[in-house]
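J.: Got a structure here, written out as structure tokens. Questions coming.
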Amino acid sequence: MAESNTDTKSSNQMWGGRFASGPDAIMEEINASIGFDKKLFAQDIRGSVAHATMLAHQGIISAEDKDKIVHGLNTILSEIEGGNFEFSRRLEDIHMNIEARLATLIGPAAGRLHTARSRNDQVALDFRLWVKEELEKTERMLTSLIAAFLDRAEEHAESVMPGFTHLQTAQPVTFGHHCMAYVEMFGRDRSRVRHAIEHLDESPIGAAALAGTGYPIDRHMTAKALGFREPTRNSIDTVSDRDFAIEFLSIAAIAGMHLSRLAEEIVIWSTPQFGFVRLSDAFSTGSSIMPQKKNPDAAELVRAKTGRINGSLVALLTIMKGLPLAYSKDMQEDKEQVFDAAESLELAIAAMTGMVRDMTVNTARMKAAAGSGYSTATDLADWLVREAGLPFRDAHHVTGRAVALAESKGCDLAELALSDLQAIHSDITDKVYDVLTVEASVASRKSFGGTAPSEVRKQIAFWRARN
Ligand code: ARG
């Protein structure tokens with residue numbers, strides 16, 4: 001950390017008119033955001049080009065000044081992109097770093113760029129543009145993840161696995177059906193992303209400090225030039241609002257929660273005890289001491305990144321919750337939360353897409369597990385309802401006795417002798433064995449959205465048409 005400094009330094013060249021001396025070193029350090037908001041350089045320059053063009057079009061600045069400004073801004077863009085730009089903490093943030101460089105490059109015309117605007121609407125614009133691009137990227141990434149799941153679901157529409165509740169074997173399902181559960185989740189996440197893009201698709205520039213401006217600006221023109229649907233409608237709200245960032249974080253937190261549940265399943269499935277899947281070498285790591293190990297580190301890190309994303313959401317909600325309208329400097333702390341969460345989310349989706357694409361599914365292990373734990377007990381109960389006319393509650397009781405008997409004999413339901421079953425209920429016939437296999441069990445669950453391969457294929461077709 002910088003040391004405290006009470007020396008009188010020259011005052012800030014951008015806003016220091018009424019200041020006799022420069023800031024204390026600690027003031028400079030706590031105030032500066034350039035360390036992270038330099039990420040917004042491209043958005044800042046795009047916004048300034050659109051603003052200057054509009055100012056000239058409206059006769060607020062001359063065409064010559066506008067040309068100089070636009071030319072200078074393009075030079076700065078290549079300087080930054082080429083790594084030839086010196087960012088200065090004394091100039092606080094990306095907005096003032098760029099404007100100061102513009103003044104060096106083109107002289108006094110640079111001073112006209114900030115006419116009819118404030119850093120308050122400028123930062124709202126830059127950050128919105130950044131979040132919008134990030135949402136669009138997230139949408140594309142979710143589409144690839146969904147595509148990876150659709151391929152696996154198609155391949156495994158008939159592969160039987162145990163379905164769980166309470167992580168206890170419940171009923172047989174197909175692996176394709178389980179994959180499609182994630183398609184539904186990530187499909188909802190993607191539609192949340194699309195709604196968020198719609199919500200934030202309004203241009204903040206021209207709200208100025210908070211009250212709008214007396215200059216005859218054209219906010220519809222800048223909105224159009226920057227690819228927004230329309231300008232925002234309330235200048236106070238415009239510079240106060242960070243909902244768009246919080247909405248991004250909420251969506252990231254929900255998607256992260258889905259990714260983390262999947263990560264947890266992969267961690268469980270890839271243990272030797274389960275052995276349902278084997279991760280590719282590309283998405284696992286070894287142990288430095290135990291040569292036999294293959295660890296699901298990527299899945300574990302996806303699970304952990306979700307914790308980080310949740311932290312960012314809570315941080316920004318807490319930063320914003322006590323602020324009176326309009327802008328307060330607290331809001332400068334919005335960016336690191338969003339940048340960090342965006343990086344975590346991108347990594348998590350990409351790693352998950354890779355794991356899902358590459359993992360080897362052990363269908364034999366899944367099928368063996370599907371048949372254990374009396375997973376077809378419900379099928380026996382349903383058979384008693386259907387074929388013997390029992391009320392479901394009674395059928396449940398009869399089946400419970402059959403399970404207890406099988407358990408005492410150490411065998412599966414299908415291995416009980418007919419005479420044993422008939423001793424429990426005399427209406428049972430040998431037809432019952434048809435429903436006690438896992439294949440028959442899944443094939444029978446043809447209700448809409450059910451696990452029968454025919455149903456799963458319908459849902460795959462539904463999503464293929466939408467992906
Ligand atoms: N760096 C600031 C931020 O990120 C820019 C806006 C500053 N506005 C102001 N009135 N000081 O929020």
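Here's how to read the names in the structure tokens: chain A, B, ... by the order shown, residue numbers from 1 in each chain, ligand numbers from 1 in the order shown.
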According to DSSP computed on the backbone, where in segment 23-223 of chain A is there alpha helix (DSSP H)? Give the residues as a ChimeraX atom specification.

T.: /A:25-31,34-37,41-57,63-81,94-106,119-155,175-199,219-223

J.: Could you list, as a VMD selection string, every residue within 6 Å of Asn362 of chain A, counting only C-alpha atoms and ignoring same-chain residues fewer than 2 positions away?

T.: chain A and resid 276 to 277 364 to 365

J.: Keeping N, CA, C and O atoms, export the residues of the selection given above as a tab-separated table (two decimals), in the first residue's frame.

T.:
```
chain	number	residue	atom	x	y	z
A	276	PHE	N	-19.84	-44.43	-12.60
A	276	PHE	CA	-20.78	-44.18	-13.70
A	276	PHE	C	-20.11	-43.50	-14.89
A	276	PHE	O	-20.49	-43.71	-16.02
A	277	VAL	N	-19.20	-42.59	-14.59
A	277	VAL	CA	-18.52	-41.88	-15.68
A	277	VAL	C	-17.01	-41.87	-15.40
A	277	VAL	O	-16.57	-42.02	-14.26
A	364	ALA	N	-22.78	-50.11	-18.37
A	364	ALA	CA	-22.94	-51.38	-17.65
A	364	ALA	C	-23.03	-51.13	-16.15
A	364	ALA	O	-23.89	-51.69	-15.45
A	365	ARG	N	-22.15	-50.24	-15.67
A	365	ARG	CA	-22.18	-49.91	-14.23
A	365	ARG	C	-23.51	-49.24	-13.86
A	365	ARG	O	-24.11	-49.53	-12.83
```

J.: Residues within 6 Å of ligand 1 should be enumerated using only C-alpha atoms and all ligand atoms and returned as a ChimeraX atom specification.

T.: /A:33,93,119-120,123,329,331-332

J.: Show which residues sit within 9 Å of segment 211-222 of chain A, as a ChimeraX atom specification. Count only C-alpha atoms, and ignore same-chain residues fewer than 5 positions away.

T.: /A:47,50-51,53-55,57-60,115-117,203-206,227-228,230-232,234-236

J.: So which residues of segment 208-359 of chain A fall under strand (DSSP E) by DSSP, listed as a list in words?

T.: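 Strand (DSSP E) assignments inside segment 208-359 of chain A correspond to Glu230, Pro231, Val277 and Arg278 of chain A.
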
J.: In Å, rounded to a single decimal, give me how far atom CA of Leu145 of chain A is from atom CA of Lys335 of chain A.

T.: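 About the pair atom CA of Lys335 of chain A and atom CA of Leu145 of chain A: they are 26.6 Å apart.
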